[in-house]
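Asker: Here it is, the structure in full.
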Amino acid sequence: ARCSENSSSGRCPASCRGAGGGGGGATMNGTSTTVASASALLADATKVFTDEYWRGGAPRAAAPTNAVERAWLALTTRVSEFELFVAFYVFLVAVYLASAAVFAAFAYFGLFERYKVQWRREWPTPPSYAKCLRNIAWNYLVCALPLGALSFPVMKYGGLSAALPLPPWYEFCFHMAVFLVAEDALHYALHRLLHVPFLYKHVHKMHHEFSAPIGLAASYSTTTEMLVLAIPTFAPAMLLAPHFFTFYVWFVVRQLDAVLRHCGYDFPDPLNVVPYYGGTPFHDYHHEVFVWNYASRFTYLDRLFGTYKPCPHAAERHEPQLVKSRDAFGKSLATKGKKRQ
């Protein structure tokens with residue numbers, strides 16, 4: 001009788017509840033734990049609707065120990081994590097446009113033709129650049145920015161934080177290496193999927209309008225393709241939940257990498273010493289022939305699955321007898337282009 005009374009009052013010891021009629025107490029405790037966990041989860045989720053969540057500054061878990069951390073602290077003291085996220089997005093678009101403008105200037109003035117991959121192709125016309133800009137404005141401002149803002153609470157809940165300390169160099173390098181390899185592998189799989197005839201026609205064909213790609217066309221695509229190929233960039237970062245500093249650096253590196261892969265120029269690249277690194281000619285050739293070379297930057301998956309083809313133009317820039325003719329050809333194209341305007 002005493003056990004029955006204790007059980008009803010919640011004071012029955014575990015050993016007593018484990019026998020006979022104690023199973024109901026265990027069930028009640030399990031239910032209470034589940035309800036408590038659900039309540040905590042709901043409380044965390046509803047934080048995104050509070051003014052403190054969106055406008056409060058980033059947490060400071062430690063004092064800065066170097067110049068980079070002091071600069072980071074000064075930045076996060078002035079703006080909230082969400083405001084920093086929006087500012088970074090604007091900065092990312094600016095980096096994209098500025099880097100693409102550099103290569104557009106090379107084409108306009110006929111510079112560095114000896115390094116151009118498809119050097120016999122005419123440089124894009126102003127309407128081509130205008131078409132790219134209209135598409136980028138739609139994809140980045142109307143689609144990507146709102147979706148990025150909606151993903152911010154997910155990233156916060158996943159563990160990303162702007163708090164000090166910044167990650168040590170070895171952790172930063174490890175995350176960046178994982179991101180590069182994982183993004184490349186996921187991009188290969190999804191890119192091959194987009195070349196299935198139905199998906200190519202309705203989703204991916206637009207990106208291949210530039211058979212001789214330019215830097216600005218790196219993100220020239222349908223909105224569906226932009227969202228699909230954003231998965232390889234976001235997914236590894238979401239799974240590893242790095243510091244926001246690493247997250248932001250990764251996105252800048254990925255954007256610059258995309259511009260370089262589409263710029264059309266095969267400049268001397270120190271990364272050529274990295275095994276299976278394809279460089280600009282690797283992806284440029286994919287645009288020229290519409291097949292082969294589906295990965296972002298590394299060639300090992302294409303080699304493994306039989307979809308790799310070396311770019312035949314890559315070796316031409318090393319032939320001395322072609323240097324002068326390529327430079328002259330580039331200058332003549334630039335002159336013709338200016339006359340057309």
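Order determines the names: the first chain of the structure tokens is A, the second B, and so forth; residues in each chain are numbered 1 upward, and ligands are numbered 1 upward as they are shown.
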Would you mind listing what lies within 9 Å of Leu194 in chain A as JSON, numbers by chain, with only C-alpha atoms counted and same-chain residues fewer than 5 positions away left out?

Answerer: {"A": [189, 199, 200, 201, 203, 204, 205, 225]}

Asker: Those same residues, written as a compact mmCIF listing (two decimals), in the first residue's frame with C-alpha atoms?

Answerer:
```
# COMPACT_ATOMS: atom_id res chain seq x y z
CA ALA A 189 26.38 14.09 -59.08
CA LEU A 199 16.30 18.32 -67.11
CA TYR A 200 18.89 19.67 -69.52
CA LYS A 201 16.20 21.07 -71.80
CA VAL A 203 16.64 23.51 -66.36
CA HIS A 204 20.30 23.49 -67.43
CA LYS A 205 20.36 24.45 -71.11
CA GLU A 225 19.34 25.27 -61.40
```

Asker: For the structure I just gave you, how does DSSP split range 96-336 of chain A - specifically, which residues are strand (DSSP E or B)? Reply as a ChimeraX atom specification.

Answerer: /A:116,265,277,298

Asker: Pick the closest to Cys311 in chain A from A:Leu193, A:Val117, A:Leu227, A:Leu97: which is it, counting only C-alpha atoms?

Answerer: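 Distance minimum relative to Cys311 in chain A lands on A:Val117.
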
Asker: How far is it from CA of Val79 in chain A to CA of Val249 in chain A, in Å with one decimal?

Answerer: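 Computing it gives 18.3 Å between the two atoms.
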
Asker: If you count only C-alpha atoms, which residues fall within 12 Å of Met176 in chain A, apart from same-chain ones fewer than 2 positions away, as a list in words?

Answerer: Pro167, Trp169, Tyr170, Glu171, Phe172, Cys173, Phe174, Val178, Phe179, Leu180, Val181, Ala182, Glu183, Thr233, Pro236, Ala237, Leu240, Pro242, His243, Phe245, Thr246, Phe247, Tyr248, Val249, Trp250, Phe251, Val252, Val253 and Arg254 of chain A

Asker: When you count only C-alpha atoms, which of these residues is closest to His283 in chain A: A:Met226, A:Ala71, A:Ala218, A:Leu304?

Answerer: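 The shortest atom-to-atom distance to His283 in chain A comes from A:Ala218.
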
Asker: Which is closest to Ala104 in chain A among A:Ile214, A:Leu260, A:Ile231, A:Val273, if we use only C-alpha atoms?

Answerer: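 Nearest candidate to Ala104 in chain A out of A:Ile214, A:Leu260, A:Ile231, A:Val273: A:Ile214.
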
Asker: Quote the spacing between CA of Tyr188 in chain A and CA of Tyr308 in chain A in Å to one decimal place.

Answerer: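 Atom-to-atom, CA of Tyr188 in chain A to CA of Tyr308 in chain A, that is 11.6 Å.
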
Asker: Rounded to one decimal in Å, what is the spacing between CA of Arg297 in chain A and CA of Asp284 in chain A?

Answerer: 10.9 Å

Asker: Give me every helix (DSSP H, G or I) residue in range 13-262 of chain A, going by DSSP on the backbone, as a PyMOL selection string.

Answerer: chain A and resi 14-17+20-49+51-55+67-78+81-108+113-115+126-158+169-194+197-209+215-219+223-228+231-240+244-262

Asker: Using only C-alpha atoms for the distances, tell me which of A:Pro146, A:Pro64, A:Pro270, A:Gly264 is nearest to Ala163 in chain A.

Answerer: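 For Ala163 in chain A, the nearest of the given residues is A:Pro64.
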
Asker: List as a PyMOL selection string the protein and nucleic acid residues near range 147-149 of chain A, meaning an atom at most 9 Å away when only C-alpha atoms are counted, but skip any in the same chain fewer than 4 places from it.

Answerer: chain A and resi 82+85-86+89+143+153

Asker: Can you write out the residues you just picked, keeping C-alpha atoms, as a PDB file, in the first residue's frame?

Answerer:
```pdb
ATOM      1  CA  PHE A  82      21.620  38.586 -38.882  1.00  0.00           C
ATOM      2  CA  PHE A  85      24.670  37.871 -42.637  1.00  0.00           C
ATOM      3  CA  VAL A  86      22.854  40.370 -44.888  1.00  0.00           C
ATOM      4  CA  TYR A  89      25.509  38.646 -48.834  1.00  0.00           C
ATOM      5  CA  CYS A 143      15.249  34.526 -55.076  1.00  0.00           C
ATOM      6  CA  PRO A 153      17.487  30.526 -38.334  1.00  0.00           C
TER       7      PRO A 153
END
```

Asker: Give the answer as one residue: which of A:His286, A:Asn66, A:Tyr300, A:Trp72 has the shortest atom-to-atom distance to Ala162 in chain A, using only C-alpha atoms?

Answerer: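 When distances to Ala162 in chain A are compared using only C-alpha atoms, the smallest one comes from A:Trp72.
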
Asker: Of the candidates A:Ala144, A:Leu150, A:Val93, A:Ala241, which one gets nearest to Thr223 in chain A if we count only C-alpha atoms?

Answerer: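 Closest candidate: A:Ala144.
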